[in-house]
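Step one of this worksheet: look at the structure below.
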Number of protein chains: 4
Amino acid sequence: MQMLHGAFSEPAMQALWSDTAIITAMLRFEAALAQAQDQCMVIPNGIGYDISQACASIVIDPAALAVDARRAGTLAIPLVKALKAYVAEQSPRAMPYVHFGATSQDVCDTALICLIQTALQQLRTDLLRLGDGLATLIHAHQRTAMLSRTLLQPAAPISFAWKLAGWLDSLMRNVEALAAAGEAARVLQFGGANGTLVSHGNKAGAVSTALAARLGLCTVPISWHGAHDRLARLGNELAVTCGMLGKMGRDISLLMQFEVAEVFEPDAPGRGGSSAMPHKRNPVSCMHMLDAAYRAPSLAQSLTSELAAEHERGLGNWSNALPLLADLFVLTGNSISAAVEAVEGLRIAPDTMAQHIESTRGVVYSEGIAHLLVRKLGPVRAEILISQGCAEAMAGHRTLPTVLLAIPEIRDHVSDEEMAGATSLSTHLDAAQSMAAQVVGAWRAHRGPLVNIKE
Amino acid sequence: MQMLHGAFSEPAMQALWSDTAIITAMLRFEAALAQAQDQCMVIPNGIGYDISQACASIVIDPAALAVDARRAGTLAIPLVKALKAYVAEQSPRAMPYVHFGATSQDVCDTALICLIQTALQQLRTDLLRLGDGLATLIHAHQRTAMLSRTLLQPAAPISFAWKLAGWLDSLMRNVEALAAAGEAARVLQFGGANGTLVSHGNKAGAVSTALAARLGLCTVPISWHGAHDRLARLGNELAVTCGMLGKMGRDISLLMQFEVAEVFEPDAPGRGGSSAMPHKRNPVSCMHMLDAAYRAPSLAQSLTSELAAEHERGLGNWSNALPLLADLFVLTGNSISAAVEAVEGLRIAPDTMAQHIESTRGVVYSEGIAHLLVRKLGPVRAEILISQGCAEAMAGHRTLPTVLLAIPEIRDHVSDEEMAGATSLSTHLDAAQSMAAQVVGAWRAHRGPLVNIKE
Amino acid sequence: MQMLHGAFSEPAMQALWSDTAIITAMLRFEAALAQAQDQCMVIPNGIGYDISQACASIVIDPAALAVDARRAGTLAIPLVKALKAYVAEQSPRAMPYVHFGATSQDVCDTALICLIQTALQQLRTDLLRLGDGLATLIHAHQRTAMLSRTLLQPAAPISFAWKLAGWLDSLMRNVEALAAAGEAARVLQFGGANGTLVSHGNKAGAVSTALAARLGLCTVPISWHGAHDRLARLGNELAVTCGMLGKMGRDISLLMQFEVAEVFEPDAPGRGGSSAMPHKRNPVSCMHMLDAAYRAPSLAQSLTSELAAEHERGLGNWSNALPLLADLFVLTGNSISAAVEAVEGLRIAPDTMAQHIESTRGVVYSEGIAHLLVRKLGPVRAEILISQGCAEAMAGHRTLPTVLLAIPEIRDHVSDEEMAGATSLSTHLDAAQSMAAQVVGAWRAHRGPLVNIKE
Amino acid sequence: MQMLHGAFSEPAMQALWSDTAIITAMLRFEAALAQAQDQCMVIPNGIGYDISQACASIVIDPAALAVDARRAGTLAIPLVKALKAYVAEQSPRAMPYVHFGATSQDVCDTALICLIQTALQQLRTDLLRLGDGLATLIHAHQRTAMLSRTLLQPAAPISFAWKLAGWLDSLMRNVEALAAAGEAARVLQFGGANGTLVSHGNKAGAVSTALAARLGLCTVPISWHGAHDRLARLGNELAVTCGMLGKMGRDISLLMQFEVAEVFEPDAPGRGGSSAMPHKRNPVSCMHMLDAAYRAPSLAQSLTSELAAEHERGLGNWSNALPLLADLFVLTGNSISAAVEAVEGLRIAPDTMAQHIESTRGVVYSEGIAHLLVRKLGPVRAEILISQGCAEAMAGHRTLPTVLLAIPEIRDHVSDEEMAGATSLSTHLDAAQSMAAQVVGAWRAHRGPLVNIKE
């Protein structure tokens with residue numbers, strides 16, 4: 001199940017969480033720690049260099065590391081042991097200072113934090129690309145009318161742009177929330193055996209500051225081995241990202257149904273075929289987006305459920321933060337990637353959209369008509385007449401306005417123009433356009449000069 | 001299971017989510033809507049007043065409403081129907097303008113948002129009180145030494161203040177995150193039938209602004225019937241709050257074990273007894289805190305799982321946002337309330353804490369001793385000697401320093417003063433105090449003049 | 001949020017979990033306990049009668065009970081206290097024997113078990129009714145052809161009966177699994193203070209047997225205060241039930257889309273309207289079925305997550321078994337009830353179904369055609385020709401068989417009869433009918449003479 | 001994160017879910033399908049042999065397969081494509097009959113089912129070994145007295161055997177429930193393109209039967225591409241298994257606290273050390289058991305949440321059944337393995353257990369004493385005296401019986417013998433022994449001659 005996990009991931013994000021990436025991040029911590037301690041004169045001069053060189057050249061076998069880690073209960077112990085053995089060969093005098101004054105969770109948590117920061121960069125890049133893709137489509141489809149659908153039933157028309165603007169609006173919130181959660185989690189974990197950095201004496205602050213600076217992280221008032229809420233928040237936000245994209249996947253796949261056929265994923269060799277039916281074109285991008293939306297919330301929930309950890313370091317909780325967050329990032333990355341594929345290659349069928357509006361025979365304008373008739377005839381008569389009119393329109397071949405205008409009681413009070421006004425597609429598109437424009441405006445403001453909307 | 005649900009809630013928060021509170025919030029929306037529309041001349045002059053008067057005087061039976069709501073699939077339809085009937089009596093001319101241009105989810109979502117804002121205020125008040133309580137204890141226990149415990153095993157000493165500072169630090173993040181999530185969710189939901197406010201024509205923006213202002217909410221670029229991520233984020237943050245408090249409950253209950261006996265919940269009549277054993281003093285506050293930590297993450301996860309909603313309004317998802325969030329707020333409120341009870345009445349046994357440190361016979365200083373011996377004897381010998389020394393200390397009656405100093409190889413290189421330095425409790429407390437002070441400082445800065453730390 | 005919770009429940013199931021029902025179940029335990037102890041001569045003769053009389057006549061205020069329960073951490077303590085005070089008035093000599101040798105969790109867990117057994121009876125009755133409704137529809141729609149849909153794309157035709165048979169098949173497994181989980185959980189909880197029934201000495205077994213018999217429960221080898229796996233399994237099975245019904249709701253709501261329009265929920269006053277659009281007919285039953293499918297798995301998961309409880313009685317876990325299971329039963333009951341409404345009133349549009357098959361222009365028969373052409377022309381040519389044919393059929397107005405038979409290469413090797421055989425709707429219905437018949441046969445066997453299939 | 005996942009798994013179970021194992025299981029399906037079709041004369045004579053030979057000799061690169069699978073949305077399509085290409089070389093005439101009449105989910109689901117059956121065998125073997133280990137300990141510790149602990153507070157004594165019997169009792173239920181869920185899921189998935197096996201005509205049943213027989217599976221009345229409840233149930237039971245083991249891990253880790261020190265995980269090189277503190281002995285087995293208990297319920301919940309799948313094959317749901325179940329099995333296998341390590345090497349400290357009972361100064365006998373005093377002095381006086389007595393005993397140095405017998409009011413009515421009877425440790429052990437014996441008896445009956453209890 002190791003390579004085949006790749007069926008649900010895309011290579012770039014997978015690489016950021018590979019065995020190599022993890023080991024490298026852990027070694028980077030050990031190197032930076034020694035350098036910071038050297039710089040602050042906690043360890044002898046030159047030792048920092050020796051250890052960081054060793055960290056750069058050591059080769060660690062992930063499979064063997066995993067076996068020892070299972071016994072030890074943490075990746076840190078066998079990694080530090082291997083590093084010490086290697087340093088003992090390379091620079092014997094440096095060996096006692098490997099991992100000096102640090103604890104397992106210092107290296108595990110901080111390495112995880114560094115992996116997260118890189119992964120977030122990639123998610124952000126892809127999300128912005130996706131947002132630009134949506135904005136481009138919005139620009140193109142301001143006047144592409146389609147049915148809105150509430151509770152899976154048709155409602156008054158919108159533009160396709162308006163629908164896309166709803167997606168872009170939540171994507172924008174997501175980009176911001178993900179950045180905020182990531183920034184809040186860009187913190188060093190460094191506390192030593194019991195969390196107080198006691199072995200660093202009055203140099204604790206200086207070493208923390210130097211170490212954080214080398215890793216591009218912030219320092220915090222107190223170590224947080226027992227309080228991983230920052231990571232729980234980040235996990236939750238990744239799950240929200242997957243949910244937001246799952247909504248896009250849900251909508252596209254519904255629009256791509258044979259009977260709806262308004263929007264389609266791009267077609268390409270090897271995409272969405274069937275092993276049994278040559279004609280099939282399955283919505284594979286949507287599948288990936290929905291897959292992540294089904295799985296991510298549960299994974300994130302595990303993180304939140306583990307917050308009630310015991311004392312200064314919990315047992316069984318948070319040792320699994322690495323695999324849980326790796327899975328969350330890989331799922332999220334896969335979903336965004338699938339969304340970019342879908343959106344950038346999206347095919348739209350405006351005629352079919354128009355035809356579906358038409359085939360409702362005007363009943364989707366019932367709200368506007370109701371307002372009109374209520375004003376003219378009072379609410380009681382209005383309700384009765386519209387209800388009868390809708391039934392008749394749906395059963396027969398005439399539109400609701402036609403049916404209603406044929407009733408003398410209405411004919412006497414409502415002009416053709418008034419009825420046309422109440423059922424004007426153009427008015428509906430105007431209303432939609434106004435909101436969509438606000439969303440795109442906000443996106444432009446958010447993106448600044450980097451925006452890449454094709455017009 | 002209606003009244004008895006009260007066994008897991010405290011009355012003030014329960015009241016904020018009562019049937020009455022919900023109905024009142026919905027009517028408040030309808031009143032404000034009519035007033036905003038009146039003000040913007042969307043409906044005839046005076047109608048806003050009539051409808052808002054009706055909203056203030058109508059009496060709605062929640063049980064009957066629920067029965068109709070189950071049939072209708074939403075609370076809004078029977079509520080609007082009842083309001084229309086009432087207005088028809090009170091002010092017939094106003095009746096057509098009840099709920100004008102709005103849709104069910106406008107009133108449901110906006111009422112929920114308003115309920116949330118009030119509930120968040122109460123959570124915040126209680127969390128700040130809890131934080132002040134913690135800060136007060138930190139002040140008092142800067143030099144109260146206790147064992148740290150990692151993976152449920154003893155580690156080098158900390159102060160009780162340092163432990164509390166860890167709690168306060170995460171509480172502070174929580175207060176901020178909850179405020180941010182609440183502020184992000186302080187938004188009007190108003191889109192009408194299809195979300196575009198088409199029936200309001202070019203007055204859509206003006207009415208939205210006026211309506212939002214009347215309800216103390218913000219407007220948004222586009223309606224969000226299909227994108228409830230703001231509420232999912234808030235739900236997740238409530239779950240994180242419960243997790244953070246669950247951690248406090250976990251720690252207190254572990255410290256309150258008979259064999260540990262370092263910290264105790266307050267004692268009071270009716271608290272934590274047993275129906276079988278007269279001697280029992282059960283940690284009831286911790287029970288509530290842990291209960292919420294077990295339940296809240298799952299409830300929040302439902303919200304995130306429902307994000308992949310269909311089109312302009314999903315089916316089966318988000319109709320349940322009200323009960324889910326109500327449960328989350330009630331659980332969170334109950335947990336905070338229990339935490340305040342526990343913290344404000346907490347009893348500490350510093351002597352027992354000290355005794356536990358002593359009974360480890362110095363092995364918990366093994367990190368410091370190791371640093372010392374490695375410097376003096378090299379890592380290989382140091383490891384062997386310490387390992388033997390720990391075993392001997394734990395098996396016998398001498399402390400680890402005594403055992404080690406009796407070994408000639410060590411005696412020759414290590415002075416009593418050096419060994420004392422490596423195992424100094426005072427040094428450990430200093431390190432802890434420095435971090436704890438930073439946390440309290442941050443809390444003071446966060447609280448400003450409102451801080452209520454008893455010194 | 002107490003009455004309004006009713007918007008997601010139906011009255012019969014709600015009543016089974018009312019405050020009154022819970023208090024009655026707890027008093028029933030206390031009564032049966034005293035009678036069993038009297039019968040086994042653990043307490044003086046006649047005391048059992050006195051206590052059971054008191055249990056039958058005492059009136060307990062749930063709101064007051066809840067307040068005390070929150071302080072005590074369990075409903076049992078204030079309930080036993082109230083009962084003792086009442087017995088002290090009614091029969092002073094009996095007072096010392098109230099709740100004799102029992103612990104809080106004995107009465108809480110056993111009362112919960114009894115409530116569950118009753119609730120399961122009702123679920124079962126409703127599920128069987130639903131199954132009969134499905135079997136009735138299967139009988140009527142053996143030859144009603146419709147598209148199958150895989151990954152939301154059209155595939156080779158099935159019968160509507162076959163689709164229903166898939167639902168019935170999983171419902172049948174559900175009925176059995178629910179019965180098994182319920183039977184496994186039909187057990188007495190009785191262990192006294194520490195779980196060993198030590199205060200009953202050598203009468204422990206006899207009292208357990210008598211008590212279980214009076215409550216219609218089984219005895220177990222050892223008390224299970226710390227091991228609630230039976231309830232976790234039951235919770236999980238309720239969640240699976242909701243998932244199974246959610247699938248029905250999902251399918252019906254998709255078939256009820258305006259563009260699909262093959263199946264409809266029944267129409268009735270007050271059902272599925274819209275507060276904005278008079279024409280709307282929302283799938284309210286499906287909404288309830290999906291609502292439960294979204295919420296139940298999370299609730300059930302809380303129960304499973306709480307299994308890792310501490311020692312002989314966990315803290316914060318399982319004290320919430322009552323509200324969690326009550327919510328699960330109410331959601332499940334509501335979903336089944338909605339499903340019965342939907343299925344018994346389901347309206348089918350066979351013509352539309354047929355029309356959708358036709359409008360695929362034969363491409364949904366691609367599997368059968370492929371088998372034919374592969375045999376005749378080899379796989380390479382077959383794949384190319386079918387792929388071109390499908391594209392042409394979908395783009396134009398001819399069917400896939402017509403397109404293909406117009407190609408000389410095919411014309412030369414494939415007769416009209418062979419092509420007709422490969423695309424025979426009747427053959428597809430035969431295949432479907434055979435499986436559907438097996439399912440109905442299994443249902444009949446399961447139901448025995450009680451089956452109520454309308455033919 | 002591929003090799004390093006191994007830090008949370010043990011090799012034997014990991015191997016059962018390796019890329020190779022998965023591909024082999026899929027090829028085994030294709031081979032058995034061709035052979036069954038050959039045997040039933042659905043395909044030409046000899047083709048079955050050719051295809052099965054090809055399945056035995058083909059080599060498939062999992063990394064490449066994964067890349068294609070991501071595009072295709074399923075492992076089946078690239079695997080079948082590769083197999084066809086290979087067969088085209090090896091036996092051109094057989095090529096058209098590869099995967100004949102089957103659909104992607106037929107091979108994916110059935111292969112998963114086969115993987116599950118093998119994995120369940122291993123879990124069962126390990127669980128039985130664990131059960132025997134517990135039974136052995138029970139045998140040895142019938143009279144090893146220890147405190148019971150409810151809500152993390154001390155209660156009346158039990159034997160260690162009784163505690164273990166509680167674990168064994170739930171383990172036994174688990175073994176049975178897992179076997180039942182596995183047996184219910186030992187079913188063939190075989191339906192072809194639309195689920196009806198239409199391409200097999202009247203040979204559908206025969207081929208299904210032959211195919212199932214070759215794979216050691218059962219046939220079912222109807223294919224279940226849209227109804228994966230059997231797998232959801234299995235996933236839930238795996239989560240319950242992890243919960244049950246998590247409870248053992250929780251208890252052991254609590255007993256292994258420094259201040260409790262009653263029970264210890266075995267000690268071995270490389271187990272549970274600390275990177276900072278040489279003296280640490282961390283409960284690593286418990287860590288693994290708790291890790292799984294935190295993660296498994298969420299993973300299982302995803303499966304249940306995915307039940308509401310669309311139509312004949314859902315989108316985004318159940319395509320992930322393989323990774324979800326693989327993770328669940330690996331976590332469960334790791335947890336059982338850790339439990340076996342812990343239990344088979346468990347070290348017990350009976351003296352410390354006895355000392356803890358003693359240090360409660362008799363207050364844990366308060367239930368028995370209460371029964372005695374209530375009989376002698378009535379409930380009112382009894383409650384007052386015991387309450388005072390407990391406080392005095394806990395505060396001072398005398399035991400509760402001594403304190404009470406010093407009160408004249410009690411001295412006059414209660415003999416030393418009566419008090420001794422009410423506080424007899426031996427009586428407590430008798431009660432515990434009786435229950436524990438029943439559990440072991442049930443285990444022996446369950447295990448039959450295979451039981452391996454060391455006495």
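Following the order of the structure tokens, chains are lettered A, B, ..., residues in each are numbered from 1, and ligands are numbered from 1.
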
If you count only C-alpha atoms, which residues fall within 12 Å of B:Met256, apart from same-chain ones fewer than 3 positions away, as a PyMOL selection string? (chain B and resi 249-253+259-266+281-286+342+346-349+352-353) or (chain D and resi 151-154+259)

Those selected residues, please, written with C-alpha atoms and delivered as a PDB file, in the first residue's frame.
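Once everything was written out, this is result-v1.pdb:
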```
ATOM      1  CA  GLY B 249      -9.384  18.152  33.040  1.00  0.00           C
ATOM      2  CA  ARG B 250      -7.136  15.240  32.136  1.00  0.00           C
ATOM      3  CA  ASP B 251      -4.199  16.729  34.020  1.00  0.00           C
ATOM      4  CA  ILE B 252      -6.182  17.678  37.106  1.00  0.00           C
ATOM      5  CA  SER B 253      -7.835  14.274  37.299  1.00  0.00           C
ATOM      6  CA  GLU B 259      -1.534   7.795  44.673  1.00  0.00           C
ATOM      7  CA  VAL B 260      -0.576  11.201  43.264  1.00  0.00           C
ATOM      8  CA  ALA B 261      -2.747  13.513  45.363  1.00  0.00           C
ATOM      9  CA  GLU B 262      -1.028  16.722  44.349  1.00  0.00           C
ATOM     10  CA  VAL B 263      -4.023  18.754  43.224  1.00  0.00           C
ATOM     11  CA  PHE B 264      -7.723  18.535  44.047  1.00  0.00           C
ATOM     12  CA  GLU B 265     -10.985  19.837  42.750  1.00  0.00           C
ATOM     13  CA  PRO B 266     -12.870  21.839  45.346  1.00  0.00           C
ATOM     14  CA  ARG B 281     -14.726  12.327  46.038  1.00  0.00           C
ATOM     15  CA  ASN B 282     -14.975  12.098  42.294  1.00  0.00           C
ATOM     16  CA  PRO B 283     -13.465  14.740  39.999  1.00  0.00           C
ATOM     17  CA  VAL B 284     -16.775  15.963  38.600  1.00  0.00           C
ATOM     18  CA  SER B 285     -15.474  19.136  37.014  1.00  0.00           C
ATOM     19  CA  CYS B 286     -12.871  17.111  35.170  1.00  0.00           C
ATOM     20  CA  ALA B 342     -12.146  23.628  39.316  1.00  0.00           C
ATOM     21  CA  LEU B 346      -8.323  24.258  43.246  1.00  0.00           C
ATOM     22  CA  ARG B 347      -6.487  22.868  46.271  1.00  0.00           C
ATOM     23  CA  ILE B 348      -2.772  22.230  45.930  1.00  0.00           C
ATOM     24  CA  ALA B 349      -0.522  19.951  47.977  1.00  0.00           C
ATOM     25  CA  THR B 352       3.247  15.963  48.247  1.00  0.00           C
ATOM     26  CA  MET B 353       4.653  17.427  45.071  1.00  0.00           C
TER      27      MET B 353
ATOM     28  CA  LEU D 151     -13.515   7.732  37.941  1.00  0.00           C
ATOM     29  CA  LEU D 152      -9.784   7.616  38.714  1.00  0.00           C
ATOM     30  CA  GLN D 153     -10.445   7.358  42.452  1.00  0.00           C
ATOM     31  CA  PRO D 154      -9.839   4.312  44.629  1.00  0.00           C
ATOM     32  CA  GLU D 259       3.457   6.987  41.846  1.00  0.00           C
TER      33      GLU D 259
END
```

Give the strand (DSSP E or B) residues of stretch 110-329 of chain C, as DSSP finds them on the backbone, and put them as a PyMOL selection string. chain C and resi 145-150+153-159+187+218+263-264+313

Using N, CA, C and O atoms, can you write the selected residues to a file as a tab-separated table (two decimals), in the first residue's frame?
```tsv
chain	number	residue	atom	x	y	z
C	145	ALA	N	-37.91	-0.40	-17.06
C	145	ALA	CA	-36.50	-0.20	-17.40
C	145	ALA	C	-36.05	1.21	-17.06
C	145	ALA	O	-36.80	2.17	-17.22
C	146	MET	N	-34.81	1.31	-16.63
C	146	MET	CA	-34.22	2.63	-16.38
C	146	MET	C	-32.71	2.52	-16.59
C	146	MET	O	-32.16	1.43	-16.64
C	147	LEU	N	-32.08	3.66	-16.70
C	147	LEU	CA	-30.63	3.67	-16.77
C	147	LEU	C	-30.03	3.27	-15.42
C	147	LEU	O	-30.54	3.68	-14.38
C	148	SER	N	-28.97	2.49	-15.45
C	148	SER	CA	-28.14	2.44	-14.25
C	148	SER	C	-27.21	3.65	-14.34
C	148	SER	O	-27.04	4.25	-15.42
C	149	ARG	N	-26.66	4.03	-13.22
C	149	ARG	CA	-25.77	5.19	-13.22
C	149	ARG	C	-24.58	4.89	-12.31
C	149	ARG	O	-24.74	4.70	-11.11
C	150	THR	N	-23.42	4.86	-12.93
C	150	THR	CA	-22.21	4.60	-12.15
C	150	THR	C	-21.32	5.83	-12.21
C	150	THR	O	-21.13	6.41	-13.28
C	153	GLN	N	-22.68	8.72	-14.06
C	153	GLN	CA	-22.80	8.69	-15.51
C	153	GLN	C	-23.64	7.49	-15.93
C	153	GLN	O	-23.65	6.46	-15.25
C	154	PRO	N	-24.35	7.59	-17.04
C	154	PRO	CA	-25.26	6.51	-17.44
C	154	PRO	C	-24.52	5.24	-17.83
C	154	PRO	O	-23.47	5.30	-18.47
C	155	ALA	N	-25.06	4.12	-17.44
C	155	ALA	CA	-24.52	2.83	-17.80
C	155	ALA	C	-25.68	1.95	-18.29
C	155	ALA	O	-26.82	2.42	-18.40
C	156	ALA	N	-25.38	0.72	-18.59
C	156	ALA	CA	-26.37	-0.17	-19.20
C	156	ALA	C	-27.65	-0.25	-18.37
C	156	ALA	O	-27.60	-0.19	-17.14
C	157	PRO	N	-28.79	-0.40	-19.02
C	157	PRO	CA	-30.08	-0.37	-18.33
C	157	PRO	C	-30.24	-1.47	-17.27
C	157	PRO	O	-29.68	-2.55	-17.39
C	158	ILE	N	-31.00	-1.11	-16.28
C	158	ILE	CA	-31.45	-2.04	-15.25
C	158	ILE	C	-32.97	-1.91	-15.17
C	158	ILE	O	-33.56	-1.12	-15.91
C	159	SER	N	-33.57	-2.64	-14.29
C	159	SER	CA	-34.98	-2.36	-13.97
C	159	SER	C	-35.02	-1.53	-12.70
C	159	SER	O	-34.09	-1.58	-11.88
C	187	VAL	N	-28.17	-7.03	28.03
C	187	VAL	CA	-27.50	-7.60	29.20
C	187	VAL	C	-27.63	-6.69	30.42
C	187	VAL	O	-27.67	-5.47	30.31
C	218	CYS	N	-30.32	-10.54	29.96
C	218	CYS	CA	-29.44	-11.67	30.22
C	218	CYS	C	-28.40	-11.28	31.26
C	218	CYS	O	-28.06	-10.11	31.39
C	263	VAL	N	-38.48	9.72	-10.48
C	263	VAL	CA	-39.10	9.25	-9.25
C	263	VAL	C	-39.38	10.46	-8.39
C	263	VAL	O	-38.60	11.41	-8.39
C	264	PHE	N	-40.49	10.42	-7.64
C	264	PHE	CA	-40.86	11.57	-6.81
C	264	PHE	C	-41.34	11.15	-5.44
C	264	PHE	O	-42.06	10.17	-5.30
C	313	ARG	N	-13.97	2.27	35.82
C	313	ARG	CA	-15.01	3.19	35.35
C	313	ARG	C	-14.31	4.44	34.86
C	313	ARG	O	-13.62	5.10	35.63
```

Considering only C-alpha atoms, return as a PyMOL selection string whatever protein or nucleic-acid residues lie within 9 Å of A:Leu171, sequence-local ones (same chain, fewer than 5 positions apart) excluded. chain A and resi 127-128+130-131+166+176+241+244-245

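Shortest atom-to-atom contact with chain D among C:Leu385, C:Ile58, C:Ala300, C:Leu325: C:Ala300, counting only C-alpha atoms.
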
Between B:Met277, B:Leu254, B:Leu197, B:Ala165, which is the closest to chain C once you count only C-alpha atoms? B:Met277

Taking only C-alpha atoms into account, which of D:Ser337, D:Thr118, D:Asn45, D:Ser208 comes nearest chain A?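 The shortest atom-to-atom distance to chain A comes from D:Ser337.
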
Dump as number ranges by chain the residues of chain D that approach chain A to within 6 Å, counting only C-alpha atoms. D: 1-4, 6-7, 17-19, 62-63, 66, 69-73, 77, 103-104, 193, 270-272, 275-276, 284, 287, 290-291, 295, 298, 302, 315-316

Could you tell me how far atom CA of D:Arg444 lies from atom CA of D:His141, in Å and to one decimal?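 Distance between the two atoms: 17.3 Å.
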
Can you tell me, as a ChimeraX atom specification, what residues are no more than 9 Å from C:Thr360 when counting only C-alpha atoms, ignoring any on the same chain fewer than 3 positions away? /A:258 /C:154,355-357,363-364,393-394,399-400

Can you write out the residues you just picked, keeping C-alpha atoms, as an mmCIF file, in the first residue's frame?
```
data_model
loop_
_atom_site.group_PDB
_atom_site.id
_atom_site.type_symbol
_atom_site.label_atom_id
_atom_site.label_comp_id
_atom_site.auth_asym_id
_atom_site.auth_seq_id
_atom_site.Cartn_x
_atom_site.Cartn_y
_atom_site.Cartn_z
ATOM 1 C CA PHE A 258 -26.091 12.871 -18.601
ATOM 2 C CA PRO C 154 -25.260 6.513 -17.438
ATOM 3 C CA GLN C 355 -36.929 8.121 -22.642
ATOM 4 C CA HIS C 356 -33.607 8.586 -20.865
ATOM 5 C CA ILE C 357 -32.462 5.163 -22.014
ATOM 6 C CA VAL C 363 -24.122 3.965 -26.180
ATOM 7 C CA VAL C 364 -25.014 2.472 -22.837
ATOM 8 C CA ALA C 393 -23.864 8.690 -31.874
ATOM 9 C CA MET C 394 -23.595 11.205 -29.038
ATOM 10 C CA THR C 399 -28.002 5.332 -32.462
ATOM 11 C CA LEU C 400 -24.748 3.525 -31.859
#
```

Skipping near chain neighbours, those fewer than 3 positions away, what residues fall within 9 Å of D:His139 using only C-alpha atoms, listed as a list in words?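 Contacts, with the query itself left out: Leu134, Ala135, Thr136, Gln142, Ala161, Ala437, Val440, Ile453, Lys454 and Glu455 of chain D.
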
Running DSSP on the backbone, which parts of stretch 164-224 of chain D land in helix (DSSP H, G or I), as a PyMOL selection string? chain D and resi 164-184+198-215

What gap, in Å, lies between atom CA of B:Arg230 and atom CA of B:Thr110?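 Atom-to-atom, atom CA of B:Arg230 to atom CA of B:Thr110, that is 12.6 Å.
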